[in-house]
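So this one's upload.txt, compact mmCIF, C-alpha atoms:
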# COMPACT_ATOMS: atom_id res chain seq x y z
CA MET D 1 0.00 0.00 0.00
CA GLN D 2 1.34 3.41 -0.95
CA ASN D 3 0.84 6.44 1.31
CA LYS D 4 0.78 4.20 4.36
CA ASN D 5 1.96 6.72 6.93
CA VAL D 6 -0.80 8.92 8.32
CA LEU D 7 -0.57 11.67 10.94
CA ILE D 8 -3.76 12.47 12.84
CA THR D 9 -3.60 15.74 14.76
CA GLY D 10 -5.99 15.52 17.69
CA GLY D 11 -5.85 11.78 17.12
CA ALA D 12 -6.55 10.81 20.74
CA GLY D 13 -9.91 12.55 20.66
CA PHE D 14 -13.30 11.05 19.90
CA ILE D 15 -13.15 11.11 16.10
CA GLY D 16 -9.36 10.76 15.92
CA SER D 17 -9.05 7.63 18.06
CA ASN D 18 -11.83 5.85 16.17
CA LEU D 19 -10.26 6.86 12.87
CA ALA D 20 -6.84 5.67 14.03
CA LEU D 21 -8.12 2.21 14.94
CA LYS D 22 -9.90 1.80 11.60
CA LEU D 23 -6.82 2.93 9.66
CA ILE D 24 -4.59 0.55 11.60
CA ALA D 25 -6.97 -2.29 10.78
CA LYS D 26 -6.58 -1.35 7.12
CA GLY D 27 -2.78 -1.58 7.32
CA TYR D 28 -1.79 2.04 7.84
CA ASN D 29 0.97 3.26 10.15
CA VAL D 30 -0.60 5.94 12.33
CA THR D 31 1.10 8.76 14.21
CA VAL D 32 -0.98 10.81 16.66
CA LEU D 33 -0.26 14.33 17.88
CA ASP D 34 -2.46 15.25 20.84
CA ASN D 35 -2.15 17.34 23.99
CA LEU D 36 -4.60 15.14 25.98
CA ALA D 37 -6.57 18.18 27.15
CA GLU D 38 -8.15 17.63 30.57
CA GLN D 39 -11.48 19.08 29.44
CA ILE D 40 -11.81 16.16 27.02
CA HIS D 41 -9.79 13.36 28.60
CA GLY D 42 -10.06 14.12 32.31
CA ALA D 43 -7.21 14.24 34.80
CA ASP D 44 -4.15 12.00 34.34
CA ALA D 45 -5.18 11.09 30.81
CA GLU D 46 -2.26 8.70 30.24
CA HIS D 47 -3.76 6.37 32.84
CA ASN D 48 -7.46 7.27 32.83
CA SER D 49 -8.53 8.34 29.33
CA VAL D 50 -10.39 5.52 27.61
CA LEU D 51 -9.84 7.16 24.23
CA TYR D 52 -6.09 7.54 24.70
CA ARG D 53 -5.66 4.05 26.12
CA SER D 54 -7.55 2.57 23.15
CA ILE D 55 -4.74 3.70 20.81
CA ALA D 56 -1.70 4.14 23.07
CA ASP D 57 0.10 0.91 22.16
CA LYS D 58 -1.06 0.90 18.54
CA VAL D 59 0.17 4.28 17.26
CA THR D 60 3.28 6.40 17.41
CA PHE D 61 2.10 8.88 20.01
CA ILE D 62 3.49 12.40 20.35
CA LYS D 63 2.19 14.41 23.27
CA GLY D 64 2.16 17.95 22.01
CA THR D 65 0.13 20.69 20.42
CA VAL D 66 -0.45 22.15 16.97
CA ALA D 67 0.38 25.50 18.54
CA SER D 68 4.02 24.35 18.75
CA VAL D 69 6.15 24.38 15.60
CA SER D 70 8.62 21.89 17.07
CA ASP D 71 5.82 19.44 17.93
CA LEU D 72 4.48 19.75 14.40
CA GLU D 73 7.93 19.27 12.85
CA LYS D 74 8.42 16.07 14.82
CA SER D 75 4.95 14.82 13.85
CA ILE D 76 5.15 15.57 10.12
CA ALA D 77 8.44 13.74 9.58
CA GLY D 78 7.97 10.73 7.31
CA GLN D 79 4.22 11.19 6.85
CA ASP D 80 2.40 10.63 3.57
CA MET D 81 -0.96 12.05 4.62
CA ILE D 82 -2.38 14.21 7.42
CA VAL D 83 -5.86 14.27 8.92
CA HIS D 84 -6.04 17.57 10.76
CA LEU D 85 -8.61 17.21 13.55
CA ALA D 86 -6.88 19.11 16.37
CA ALA D 87 -9.08 22.02 17.40
CA GLU D 88 -10.99 23.58 20.24
CA THR D 89 -14.61 22.66 19.57
CA GLY D 90 -17.12 24.27 21.96
CA THR D 91 -19.41 26.72 20.16
CA GLY D 92 -20.48 28.49 23.33
CA GLN D 93 -17.02 28.47 24.86
CA SER D 94 -15.58 30.00 21.70
CA MET D 95 -17.61 33.15 22.32
CA TYR D 96 -15.53 34.12 25.34
CA MET D 97 -12.25 32.19 24.89
CA ILE D 98 -11.78 34.01 21.63
CA SER D 99 -8.02 34.45 21.56
CA HIS D 100 -7.44 30.82 22.56
CA TYR D 101 -9.73 29.48 19.83
CA ILE D 102 -8.01 31.67 17.24
CA ASP D 103 -4.54 30.63 18.44
CA VAL D 104 -5.27 26.90 18.35
CA ASN D 105 -7.63 26.53 15.42
CA ILE D 106 -6.38 29.18 13.03
CA GLY D 107 -2.85 29.60 14.39
CA GLY D 108 -2.21 25.86 14.60
CA THR D 109 -3.42 25.33 11.04
CA ALA D 110 -1.25 28.23 9.86
CA LYS D 111 1.83 26.71 11.51
CA LEU D 112 1.10 23.33 9.91
CA LEU D 113 0.72 24.85 6.44
CA ASP D 114 3.78 27.03 6.96
CA LEU D 115 5.88 23.92 7.57
CA LEU D 116 4.40 22.12 4.57
CA THR D 117 5.23 25.13 2.41
CA ASN D 118 8.72 25.89 3.66
CA THR D 119 10.31 22.58 4.70
CA LYS D 120 11.08 19.25 3.03
CA HIS D 121 8.50 16.54 3.69
CA SER D 122 6.68 13.65 2.02
CA VAL D 123 3.08 14.75 2.65
CA LYS D 124 0.81 14.32 -0.36
CA LYS D 125 -2.63 14.92 1.14
CA VAL D 126 -4.25 16.89 3.96
CA VAL D 127 -7.83 16.28 5.11
CA VAL D 128 -9.11 18.97 7.48
CA ALA D 129 -12.11 18.69 9.78
CA SER D 130 -14.46 21.56 9.05
CA SER D 131 -17.94 21.95 10.50
CA ARG D 132 -21.60 22.56 9.73
CA SER D 133 -21.22 25.64 11.96
CA ILE D 134 -19.80 27.59 9.02
CA TYR D 135 -23.28 27.64 7.45
CA GLY D 136 -24.68 29.74 10.28
CA GLU D 137 -28.47 29.69 10.20
CA GLY D 138 -28.53 27.53 7.11
CA LYS D 139 -30.63 27.51 3.97
CA TYR D 140 -34.35 28.15 3.52
CA HIS D 141 -36.80 28.37 0.66
CA SER D 142 -39.43 31.01 0.15
CA LYS D 143 -42.09 30.69 -2.58
CA LYS D 144 -41.82 34.42 -3.06
CA LEU D 145 -38.04 34.92 -2.89
CA GLY D 146 -36.54 31.52 -3.70
CA PHE D 147 -33.57 30.27 -1.66
CA VAL D 148 -32.52 32.61 1.13
CA TYR D 149 -29.97 32.58 3.97
CA PRO D 150 -31.30 34.23 7.14
CA THR D 151 -28.88 36.19 9.29
CA HIS D 152 -28.18 35.41 12.94
CA ARG D 153 -31.11 35.59 15.31
CA SER D 154 -31.16 38.67 17.52
CA ASP D 155 -31.09 38.77 21.30
CA GLU D 156 -34.25 40.87 21.24
CA GLU D 157 -36.22 38.32 19.20
CA MET D 158 -35.19 35.41 21.38
CA GLN D 159 -35.92 37.31 24.58
CA GLY D 160 -39.49 37.52 23.31
CA GLY D 161 -39.62 33.77 22.72
CA ASN D 162 -39.31 34.08 18.94
CA PHE D 163 -36.72 31.42 18.20
CA GLU D 164 -37.35 30.62 14.54
CA VAL D 165 -35.31 32.46 11.93
CA THR D 166 -36.84 35.26 9.87
CA TYR D 167 -36.00 36.85 6.56
CA PRO D 168 -37.16 40.26 5.29
CA GLY D 169 -40.12 39.93 2.93
CA ALA D 170 -40.58 36.20 3.49
CA ASP D 171 -43.22 34.83 5.85
CA ASP D 172 -43.26 31.33 4.36
CA LEU D 173 -39.77 30.02 5.10
CA GLU D 174 -39.18 26.30 4.65
CA LEU D 175 -36.00 24.73 6.03
CA VAL D 176 -33.96 22.88 3.39
CA ALA D 177 -30.67 20.97 3.51
CA THR D 178 -27.45 22.96 3.19
CA ASP D 179 -25.37 21.92 0.20
CA GLU D 180 -21.71 22.82 -0.19
CA GLU D 181 -22.60 25.86 -2.29
CA SER D 182 -24.72 27.34 0.50
CA LYS D 183 -23.77 30.70 1.92
CA ILE D 184 -21.01 30.62 4.51
CA HIS D 185 -21.86 32.94 7.39
CA PRO D 186 -20.90 31.46 10.76
CA SER D 187 -22.60 32.76 13.89
CA SER D 188 -19.87 31.81 16.41
CA VAL D 189 -16.13 32.28 16.81
CA TYR D 190 -15.80 28.50 16.51
CA GLY D 191 -17.55 28.61 13.14
CA ILE D 192 -15.31 31.44 11.99
CA THR D 193 -12.20 29.42 12.87
CA LYS D 194 -13.52 26.40 10.96
CA GLN D 195 -14.18 28.55 7.90
CA ASN D 196 -10.62 29.85 8.12
CA GLN D 197 -9.14 26.37 8.58
CA GLU D 198 -10.76 24.90 5.50
CA GLN D 199 -10.04 27.92 3.32
CA MET D 200 -6.37 27.96 4.33
CA VAL D 201 -5.94 24.22 3.74
CA LEU D 202 -7.64 24.26 0.34
CA THR D 203 -5.83 27.41 -0.83
CA VAL D 204 -2.30 26.63 0.38
CA CYS D 205 -2.31 22.91 -0.42
CA LYS D 206 -3.37 23.52 -4.00
CA ALA D 207 -0.67 26.13 -4.40
CA ILE D 208 2.12 23.78 -3.21
CA GLY D 209 0.97 20.64 -4.99
CA ILE D 210 -0.67 18.82 -2.08
CA ALA D 211 -4.21 17.44 -2.29
CA GLY D 212 -6.40 19.28 0.22
CA VAL D 213 -9.86 18.12 1.32
CA ALA D 214 -12.30 19.72 3.78
CA LEU D 215 -15.02 17.68 5.49
CA ARG D 216 -17.89 19.63 7.01
CA TYR D 217 -18.93 17.33 9.84
CA GLN D 218 -22.42 17.64 11.29
CA ASN D 219 -23.04 16.73 14.97
CA VAL D 220 -20.89 13.64 15.54
CA TYR D 221 -21.88 11.25 18.33
CA GLY D 222 -21.45 7.68 19.52
CA PRO D 223 -19.61 5.43 21.97
CA GLY D 224 -16.41 7.04 23.19
CA GLN D 225 -17.41 10.69 23.10
CA SER D 226 -16.51 12.74 26.16
CA LEU D 227 -19.11 12.52 28.91
CA SER D 228 -17.31 15.05 31.11
CA ASN D 229 -16.99 17.98 28.71
CA PRO D 230 -19.96 20.28 29.43
CA TYR D 231 -19.29 22.53 26.44
CA THR D 232 -19.88 20.15 23.53
CA GLY D 233 -22.48 17.56 22.63
CA ILE D 234 -26.02 17.66 24.01
CA LEU D 235 -26.15 13.85 23.98
CA SER D 236 -23.31 13.73 26.50
CA ILE D 237 -24.69 16.63 28.53
CA PHE D 238 -28.20 15.17 28.71
CA SER D 239 -26.84 11.68 29.44
CA SER D 240 -24.81 12.96 32.38
CA LEU D 241 -27.85 14.78 33.76
CA ILE D 242 -30.09 11.72 33.36
CA LYS D 243 -27.57 9.35 34.94
CA ASN D 244 -27.07 11.77 37.84
CA GLY D 245 -30.84 12.09 38.34
CA LYS D 246 -30.90 15.79 37.52
CA GLU D 247 -33.51 17.77 35.62
CA ILE D 248 -32.86 18.40 31.94
CA ASN D 249 -32.96 22.07 31.00
CA ILE D 250 -34.18 22.25 27.40
CA PHE D 251 -33.08 25.48 25.75
CA GLU D 252 -35.32 27.61 23.53
CA ASP D 253 -38.54 25.66 22.89
CA GLY D 254 -36.92 22.29 22.23
CA LYS D 255 -37.76 22.41 18.53
CA GLU D 256 -34.26 23.43 17.44
CA SER D 257 -32.74 20.65 15.36
CA ARG D 258 -29.41 19.16 14.29
CA ASP D 259 -28.13 16.47 11.96
CA PHE D 260 -26.67 13.78 14.26
CA VAL D 261 -24.17 11.54 12.48
CA PHE D 262 -22.80 8.36 14.05
CA ILE D 263 -19.06 8.06 14.63
CA ASP D 264 -18.65 4.97 12.41
CA ASP D 265 -20.14 6.84 9.46
CA VAL D 266 -17.84 9.82 10.07
CA VAL D 267 -14.79 7.56 10.14
CA ASP D 268 -15.88 5.87 6.91
CA ALA D 269 -16.38 9.22 5.17
CA THR D 270 -12.97 10.44 6.33
CA ILE D 271 -11.23 7.34 5.01
CA LEU D 272 -13.04 7.73 1.67
CA ALA D 273 -11.66 11.28 1.48
CA LEU D 274 -8.16 10.02 2.28
CA GLU D 275 -8.13 7.18 -0.22
CA ASN D 276 -10.10 8.61 -3.17
CA ASP D 277 -8.46 11.00 -5.63
CA LYS D 278 -11.92 12.34 -6.52
CA ALA D 279 -11.94 14.04 -3.14
CA ASP D 280 -8.86 16.14 -3.90
CA HIS D 281 -9.32 19.92 -3.62
CA GLN D 282 -12.99 19.46 -2.69
CA VAL D 283 -15.33 20.25 0.20
CA PHE D 284 -17.88 17.69 1.39
CA ASN D 285 -20.71 17.59 3.91
CA VAL D 286 -20.66 14.62 6.27
CA GLY D 287 -23.96 13.89 8.00
CA THR D 288 -27.15 11.89 7.65
CA GLY D 289 -29.32 14.41 5.84
CA VAL D 290 -31.97 14.08 8.57
CA PRO D 291 -32.77 16.80 11.15
CA VAL D 292 -33.64 15.70 14.70
CA ASP D 293 -35.05 18.18 17.21
CA VAL D 294 -34.02 18.42 20.85
CA LEU D 295 -37.36 17.18 22.19
CA THR D 296 -36.86 13.97 20.20
CA VAL D 297 -33.33 13.67 21.58
CA VAL D 298 -34.63 13.85 25.15
CA ASP D 299 -37.38 11.30 24.43
CA GLU D 300 -34.96 8.82 22.83
CA LEU D 301 -32.40 9.14 25.62
CA THR D 302 -34.86 8.74 28.50
CA LYS D 303 -36.54 5.82 26.71
CA ASN D 304 -33.25 4.00 26.20
CA TYR D 305 -31.94 4.65 29.70
CA GLY D 306 -35.27 3.75 31.27
CA VAL D 307 -34.71 6.39 33.94
CA PRO D 308 -37.55 8.73 34.89
CA VAL D 309 -36.05 12.20 34.79
CA SER D 310 -37.95 15.44 34.59
CA SER D 311 -37.26 17.93 31.84
CA ARG D 312 -38.15 21.59 31.60
CA ILE D 313 -38.45 23.77 28.52
CA SER D 314 -36.81 26.86 29.97
CA GLY D 315 -36.64 29.28 27.07
CA ASN D 316 -32.95 29.80 27.88
CA TYR D 317 -30.75 30.37 24.84
CA ARG D 318 -27.08 30.80 23.98
CA LEU D 319 -25.87 33.62 21.78
CA GLY D 320 -24.02 32.06 18.84
CA ASP D 321 -26.25 28.98 18.63
CA ILE D 322 -28.12 28.30 15.41
CA ARG D 323 -31.73 27.18 15.10
CA HIS D 324 -31.58 24.39 12.50
CA ASN D 325 -29.17 22.73 10.14
CA PHE D 326 -28.98 19.48 8.23
CA ALA D 327 -26.76 18.34 5.40
CA ASP D 328 -27.34 17.78 1.72
CA LEU D 329 -25.27 14.67 0.98
CA SER D 330 -25.66 14.66 -2.81
CA LYS D 331 -22.06 15.66 -3.50
CA ILE D 332 -20.27 13.17 -1.25
CA SER D 333 -22.66 10.42 -2.31
CA LYS D 334 -22.01 10.99 -6.00
CA ALA D 335 -18.26 11.64 -5.80
CA LEU D 336 -17.18 9.19 -3.08
CA GLY D 337 -20.10 6.79 -2.76
CA PHE D 338 -20.75 7.74 0.87
CA GLN D 339 -24.04 6.75 2.44
CA PRO D 340 -24.60 6.86 6.22
CA LYS D 341 -25.42 3.40 7.58
CA VAL D 342 -26.59 4.19 11.14
CA ASN D 343 -29.84 6.09 11.69
CA PHE D 344 -30.52 8.09 14.86
CA THR D 345 -32.69 5.47 16.55
CA GLU D 346 -30.06 2.75 16.12
CA GLY D 347 -27.21 5.13 16.96
CA ILE D 348 -28.84 6.18 20.23
CA LYS D 349 -29.28 2.53 21.21
CA ARG D 350 -25.56 1.92 20.68
CA PHE D 351 -24.60 5.15 22.42
CA THR D 352 -26.75 4.61 25.53
CA ALA D 353 -25.65 0.98 25.81
CA TRP D 354 -22.06 2.22 25.94
CA VAL D 355 -22.86 4.99 28.46
CA ASN D 356 -24.48 2.39 30.75
CA GLN D 357 -21.08 0.67 30.97
CA GLN D 358 -19.22 3.84 31.98
CA GLN D 359 -18.51 5.29 35.38
CA LEU D 360 -19.80 8.84 35.24
CA GLY D 361 -18.40 11.51 37.49
CA ALA D 362 -20.34 14.49 38.75
CA SER D 363 -21.83 16.64 36.01
CA LYS D 364 -19.98 19.91 35.39
CA TYR D 365 -22.95 21.24 33.47
CA GLU D 366 -24.13 23.68 36.15
CA GLU D 367 -20.66 25.24 36.36
CA SER D 368 -20.55 25.82 32.60
CA ILE D 369 -24.04 27.35 32.69
CA LYS D 370 -23.05 29.79 35.44
CA GLU D 371 -19.88 30.67 33.54
CA MET D 372 -21.79 31.53 30.36
CA GLN D 373 -24.50 33.41 32.26
CA GLY D 374 -21.83 35.44 34.02
CA LYS D 375 -20.46 36.54 30.66
CA GLY D 376 -23.90 37.46 29.31
CA LEU D 377 -23.84 34.74 26.64
CA LEU D 378 -26.59 32.56 28.09
CA LYS D 379 -29.98 34.19 28.62

Encoded form using C-alpha cells:
Amino acid sequence: MQNKNVLITGGAGFIGSNLALKLIAKGYNVTVLDNLAEQIHGADAEHNSVLYRSIADKVTFIKGTVASVSDLEKSIAGQDMIVHLAAETGTGQSMYMISHYIDVNIGGTAKLLDLLTNTKHSVKKVVVASSRSIYGEGKYHSKKLGFVYPTHRSDEEMQGGNFEVTYPGADDLELVATDEESKIHPSSVYGITKQNQEQMVLTVCKAIGIAGVALRYQNVYGPGQSLSNPYTGILSIFSSLIKNGKEINIFEDGKESRDFVFIDDVVDATILALENDKADHQVFNVGTGVPVDVLTVVDELTKNYGVPVSSRISGNYRLGDIRHNFADLSKISKALGFQPKVNFTEGIKRFTAWVNQQQLGASKYEESIKEMQGKGLLK
C-alpha cells in the first residue's frame, strides 16, 4: 500500500481515536499528535482516558500541540498524509475564549501549512475537519423569494420567545438541507475558525501541490465521546444529567434541530476522502441528511436509559447557537459513494448501551451554565 503513513492531529480525541483504529486495521501506520486536554480526557489522561488508552500501544504517540512548531515538525516527519482534527470545539465556549480558539484553530493550522510550504517533507494529502457551523443559520426556501440565507437571530427576538429564523419579505420560510454551495456565514467564533481552517488548507495545499480536502462534519456522536466535557455535545450533557438524576434544562422551545451523524459513518467518510483522488481539492458535507429536534433527543435518551427524569423547557438560549441545520449529501454520495449506515434510533441505542457501561463523574454542566451566564452569553 502506498501512502501508508498517516498523521492524525488531535488523534486521541473522539473522532481521531476511532479513525486511528480503523486505519490501523486497514494496514496504515498511524502517528498521533495530541495534547490530551483535561477538558476532554479528564485528569491524568495517560492512565485514565479511555480514548487515549484505546490507541496508546497501537500508534506512534506524540504528546504535544499544533500550537508548537517543534511538535508539528516532529509529527510531520515521514508522513504521507495528514488528517487535521486538532481544534478547540465548543461553540459556546468560543464566544468568550476568543483568543485561545483563534490561536489553536487558526494559528495551529497556519503553523502546519507554513511547515508544509517551507520545509522538506513527504506529505501528499491533507484532510481537514471543518464543520456545519460555518453555514450559520442555514438555507431556507421562500415561494416568493426563492432560496434565502437568514442572518443570525437577535437577542431581542429570542428574549421575546421568537426562536425561529426570519427573513425580510418572506413569511413562508421552509427549512432545506445545506449543500456545499450554501452561503457561509458562521454565527460563532468556533464557526469562523472552521471557515478559516478549510479555506487555508484548500488554498495553500493547491498552491504547493498537495491534495487538500475539507469535510464539514455535522453533529458527531457515539460510543467514546466525552461525557465530562460540558461545552460540547447535548447527547453527553443530557446523558450525564439523566444518569445523575438531575432535571434536563431544554433550551429555547426544544424544537431546534441538528443532523446527528454516528461516529462509524464519520470515520468511513474520512477514510473515503483520504483514499479517493476524486476528493482532492474538494469540500464535502458529512452527516445523515436528517434533522432531529431536541425534544426527540430527550425522548430517545430517556426511553433508552429507562430512567424517569424530569425535563423543563426553559426558554434559555445561547448567543451564537443556530436554530436548525442538516446536510445535503448529494455531492459526497455521487463523488465518493458515501451513504450513512446508522440512523438516529439505532445510533442512540448503541450510544446509551455504551454509556451504561461507563462510570460517570459528577456533572460539570451547572458550572458551565453559570460561567456563560456570568459573561452574558446565556440568557

Between range 39-60 of chain D and range 75-91 of chain D, at 12 Å or less, what are the per-residue closest atom pairs and their distances in Å? Count all atoms listed in the file, order by chain and rising residue number, and return it as JSON lines.
{"residue": "D:Gln39", "atom": "CA", "partner": "D:Glu88", "partner_atom": "CA", "distance": 10.3}
{"residue": "D:Ile40", "atom": "CA", "partner": "D:Glu88", "partner_atom": "CA", "distance": 10.1}
{"residue": "D:Thr60", "atom": "CA", "partner": "D:Ser75", "partner_atom": "CA", "distance": 9.3}

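We find CA of Leu215 in chain D and CA of Phe284 in chain D to be spaced 5.0 Å apart.
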
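In this comparison, which uses all atoms listed in the file, the residue of D:Thr31, D:Ser70, D:Ser330, D:Asn276 approaching Lys58 in chain D most closely is D:Thr31.
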
### Message
I want to know what sits within 8 Å of Val66 in chain D, based on only C-alpha atoms, with residues of the same chain fewer than 4 positions away left out; could you give that as a VMD selection string?
### Response
chain D and resid 9 33 71 to 72 86 104 108 to 109 111 to 112

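The space between CA of Ser17 in chain D and CA of Ile98 in chain D spans 26.8 Å.
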
#### Entry: Selection near Asp155 in chain D, 12 Å with only C-alpha atoms, sequence-local residues under 2 positions removed, as an NGL selection string
:D and (152-153 or 157-163 or 316-321 or 376-379)

### Query
Closest to Ala211 in chain D among D:Ala67, D:Val165, D:Ile134, D:Val126, using only C-alpha atoms?
D:Val126
